[in-house]
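Student: Please read through the structure below; I'll follow up with questions.
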Amino acid sequence: MSINAWKIQPAGPASDFLADLGLVDHHVHGVVRENPSVESFTNMITESDRTPRSLDEAMNTQVGFATRRWVAPLLGLEPSASAGDYFHRRIELGADHVNATLLKASGISHYFIETGYRGDEIYGPSGMAEVSGAKVDEVIRIETIAEKVALSGTSAKGFAESFISALAKESENAVGLKSIVAYRIGLDFDPTPPSDQEVEVAAGKWLAEVESTGKSRVSDPVLLRHLIFAGASLNKPFQFHIGYGDPDLHLDRCDPLLMTDLIRDFESRNIPVMLLHTYPYQRNAGYLAQMFRNIFIDVGLAINYSGARSGAIIAESLELAPFHKILFSSDAWGLPELTYLGAMLFRRGLGELLDSFIARGDWSVNDALGVARAIGHDNALAAYGLTK
Ligand SMILES: [Zn+2]
């Protein structure tokens, strides 16, 4: 089967163009190095951290059906092979083969990899470059750096200084920073920097907790605000987790409209803010992208997990957001199936949408191809300042 068999026939000019476009994936994670156990595979193929009762149950979803339909043939199986046959074949071929095959078939030519979550189980940036053959840049999660600093031993008074010097060092060659404040306290936090005094008191309490429990998870609102504003002093593009994610978050507190005042503040500092995932708030994110100079959006993660319905989500992301402010991301973590589907469903969804604009006479072919190239490739390089 041709790897572009997903194209609806007859394909229009935008679908044809997107089929061959090398994509820049501006928010993604590494894939697992070893063959996953069935339990670990079922966990990764669902976004929830609750282990499904069986492989069949785990794959009784849009992403499960899409994997069986579109990924199975890349591993030599019939389209829509059973979940059991799929998993068996994947294990038989081995992680190295499956990783290389699916990452290459994704056609992603440049990954911005965020390394802050369970980084010991997955390939880091150099491993991903090797297994995919693509260019790789890194994004640094600020909370992970703060937690490392706490574990390495610092004082309440010294924390602020140790954090910023550790972050500056770790992110020296990174293209951007990322915050998961949405996971820890939601986005409706006080959008002003805390005072030095407040940071010292909060750091004292937290470090004592880290000392007594050995656990370093940072969840104090004062500290989280400090990490964001200290991070902003480095003047790098800043990714924020928005919307859809695992049940560690309260989704109702992940609407990007809740951080409108922080966005204003970052706009005044000329810091680009990337609103990641955004589902089901992609329309609110599109509004913010239209209103504020510094806002960029994507619908990554929602694309691969919504399978045959992903086109509708992509279409909503193109309602209000200016076309130079929409980015592509897969937000795949662990499974190369998610990377492949993120890219394939993006190509198909955006291609069908733009071809429908051309067919109706709304858009010229040139305009459609320009927007396809921008969203798939050029926008990320421009937004992160990587154009020469
Ligand atoms: Zn992510």
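Residues are referred to by chain and number: the chain letter is A, B, ... according to the order shown in the structure tokens, the number counts from 1 in that chain, and ligands are numbered separately from 1 in the order shown.
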Using only C-alpha atoms, which protein or nucleic acid residues come within 6 Å of region 295-310 of chain A? Drop anything in the same chain fewer than 6 positions from it, and give the result as a ChimeraX atom specification.

Tutor: /A:62-63,66,273-278,289,325-331,341-342

Student: As a list in words, which residues of region 19-109 of chain A does DSSP assign to strand (DSSP E)?

Tutor: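 Across region 19-109 of chain A, those assigned strand (DSSP E) are Leu23, Val24, Asp25, His26, His27, Val28, Ile108 and Ser109 of chain A.
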
Student: Mind writing the picked residues with N, CA and C atoms as a PDB file, in the first residue's frame?

Tutor:
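Writing done, so here's result.pdb:
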ATOM      1  N   LEU A  23       6.768  18.135   7.497  1.00  0.00           N
ATOM      2  CA  LEU A  23       6.087  18.909   8.547  1.00  0.00           C
ATOM      3  C   LEU A  23       7.047  19.301   9.662  1.00  0.00           C
ATOM      4  N   VAL A  24       6.799  20.465  10.261  1.00  0.00           N
ATOM      5  CA  VAL A  24       7.485  20.849  11.499  1.00  0.00           C
ATOM      6  C   VAL A  24       6.510  20.601  12.648  1.00  0.00           C
ATOM      7  N   ASP A  25       6.862  19.657  13.509  1.00  0.00           N
ATOM      8  CA  ASP A  25       6.007  19.299  14.648  1.00  0.00           C
ATOM      9  C   ASP A  25       6.514  20.082  15.853  1.00  0.00           C
ATOM     10  N   HIS A  26       5.795  21.159  16.214  1.00  0.00           N
ATOM     11  CA  HIS A  26       6.362  22.077  17.210  1.00  0.00           C
ATOM     12  C   HIS A  26       6.126  21.650  18.656  1.00  0.00           C
ATOM     13  N   HIS A  27       5.351  20.569  18.845  1.00  0.00           N
ATOM     14  CA  HIS A  27       5.233  20.055  20.226  1.00  0.00           C
ATOM     15  C   HIS A  27       5.013  18.550  20.198  1.00  0.00           C
ATOM     16  N   VAL A  28       6.027  17.814  20.614  1.00  0.00           N
ATOM     17  CA  VAL A  28       5.976  16.352  20.541  1.00  0.00           C
ATOM     18  C   VAL A  28       6.964  15.807  21.570  1.00  0.00           C
ATOM     19  N   ILE A 108       7.392  13.823   9.027  1.00  0.00           N
ATOM     20  CA  ILE A 108       7.768  14.991   9.852  1.00  0.00           C
ATOM     21  C   ILE A 108       9.268  15.197   9.660  1.00  0.00           C
ATOM     22  N   SER A 109       9.647  16.418   9.256  1.00  0.00           N
ATOM     23  CA  SER A 109      11.059  16.642   8.947  1.00  0.00           C
ATOM     24  C   SER A 109      11.787  17.365  10.081  1.00  0.00           C
TER      25      SER A 109
END

Student: Please provide the set of residues having any atom within 12 Å of region 76-84 of chain A, restricted to only C-alpha atoms, with same-chain residues fewer than 2 positions apart removed, written as number ranges by chain.

Tutor: A: 1-3, 5-6, 38, 41-42, 45, 54-61, 63-74, 86-93, 98, 101

Student: Need to verify the contact set: region 223-236 of chain A, 7 Å, only C-alpha atoms, exclusion of same-chain residues closer than 2 positions in sequence. Can you return it as a list in words?

Tutor: Ile142, Ile164, Gly176, Leu177, Val181, Pro193, Pro194, Val199, Ala202, Ala203, Ser219, Asp220, Pro221, Phe238 and Ile271 of chain A

Student: Write the residues you've just listed into a file as an mmCIF file, in the first residue's frame, and include N, CA and C atoms for each of them.

Tutor:
data_model
loop_
_atom_site.group_PDB
_atom_site.id
_atom_site.type_symbol
_atom_site.label_atom_id
_atom_site.label_comp_id
_atom_site.auth_asym_id
_atom_site.auth_seq_id
_atom_site.Cartn_x
_atom_site.Cartn_y
_atom_site.Cartn_z
ATOM 1 N N ILE A 142 9.525 24.025 32.394
ATOM 2 C CA ILE A 142 10.050 24.786 33.531
ATOM 3 C C ILE A 142 9.821 24.086 34.871
ATOM 4 N N ILE A 164 16.646 30.076 38.277
ATOM 5 C CA ILE A 164 16.836 30.794 37.017
ATOM 6 C C ILE A 164 18.188 30.446 36.392
ATOM 7 N N GLY A 176 12.464 26.794 22.979
ATOM 8 C CA GLY A 176 11.387 27.388 23.762
ATOM 9 C C GLY A 176 11.266 26.746 25.129
ATOM 10 N N LEU A 177 10.343 27.299 25.926
ATOM 11 C CA LEU A 177 10.039 26.777 27.254
ATOM 12 C C LEU A 177 8.600 26.289 27.243
ATOM 13 N N VAL A 181 1.397 24.569 34.109
ATOM 14 C CA VAL A 181 0.650 25.163 35.229
ATOM 15 C C VAL A 181 -0.825 24.754 35.174
ATOM 16 N N PRO A 193 3.552 38.625 38.925
ATOM 17 C CA PRO A 193 4.677 37.931 39.561
ATOM 18 C C PRO A 193 4.602 38.079 41.082
ATOM 19 N N PRO A 194 4.899 37.010 41.836
ATOM 20 C CA PRO A 194 4.919 37.118 43.298
ATOM 21 C C PRO A 194 6.153 37.913 43.754
ATOM 22 N N VAL A 199 8.039 34.318 47.455
ATOM 23 C CA VAL A 199 8.702 33.158 46.844
ATOM 24 C C VAL A 199 9.546 32.439 47.895
ATOM 25 N N ALA A 202 7.252 30.463 50.285
ATOM 26 C CA ALA A 202 6.667 29.286 49.611
ATOM 27 C C ALA A 202 7.744 28.237 49.328
ATOM 28 N N ALA A 203 8.941 28.702 48.945
ATOM 29 C CA ALA A 203 10.030 27.756 48.667
ATOM 30 C C ALA A 203 10.429 27.033 49.950
ATOM 31 N N SER A 219 3.471 22.404 43.257
ATOM 32 C CA SER A 219 2.064 22.721 43.011
ATOM 33 C C SER A 219 1.620 23.988 43.743
ATOM 34 N N ASP A 220 2.556 24.656 44.404
ATOM 35 C CA ASP A 220 2.207 25.892 45.108
ATOM 36 C C ASP A 220 2.008 27.020 44.086
ATOM 37 N N PRO A 221 0.852 27.707 44.146
ATOM 38 C CA PRO A 221 0.574 28.765 43.149
ATOM 39 C C PRO A 221 1.643 29.860 43.115
ATOM 40 N N PHE A 238 7.089 30.611 24.562
ATOM 41 C CA PHE A 238 6.604 29.936 25.763
ATOM 42 C C PHE A 238 5.376 29.106 25.419
ATOM 43 N N ILE A 271 6.756 38.325 24.068
ATOM 44 C CA ILE A 271 7.045 36.885 24.177
ATOM 45 C C ILE A 271 5.945 36.103 23.468
#

Student: Between A:Leu350, A:Leu258, A:Ala146, A:Leu167, which one has atoms that come closest to Trp206 (chain A), using only C-alpha atoms?

Tutor: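 Selected residue with least distance to Trp206 (chain A): A:Ala146.
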
Student: Taking the backbone alone, and naming residues the way the document does, which bits of region 105-267 of chain A are alpha helix (DSSP H) by DSSP, as a ChimeraX atom specification?

Tutor: /A:105-106,125-132,142-151,159-170,181-185,196-213,221-232,260-267

Student: Using only C-alpha atoms, which of the listed residues (A:Arg217, A:Arg184, A:Lys104, A:His110) sits closest to Val149 (chain A)?

Tutor: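 The closest residue to Val149 (chain A) is A:Arg217.
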
Student: Nearest to Asp367 (chain A): which of A:Glu352, A:Phe323, A:Pro125, A:Arg53 is it, counting only C-alpha atoms?

Tutor: A:Phe323

Student: With a distance cut-off of 10 Å and only C-alpha atoms, select the neighbouring residues of Gly186 (chain A), excluding the residue or stretch itself and same-chain residues fewer than 5 positions from it, and output the selection as a count of residues only.

Tutor: 16
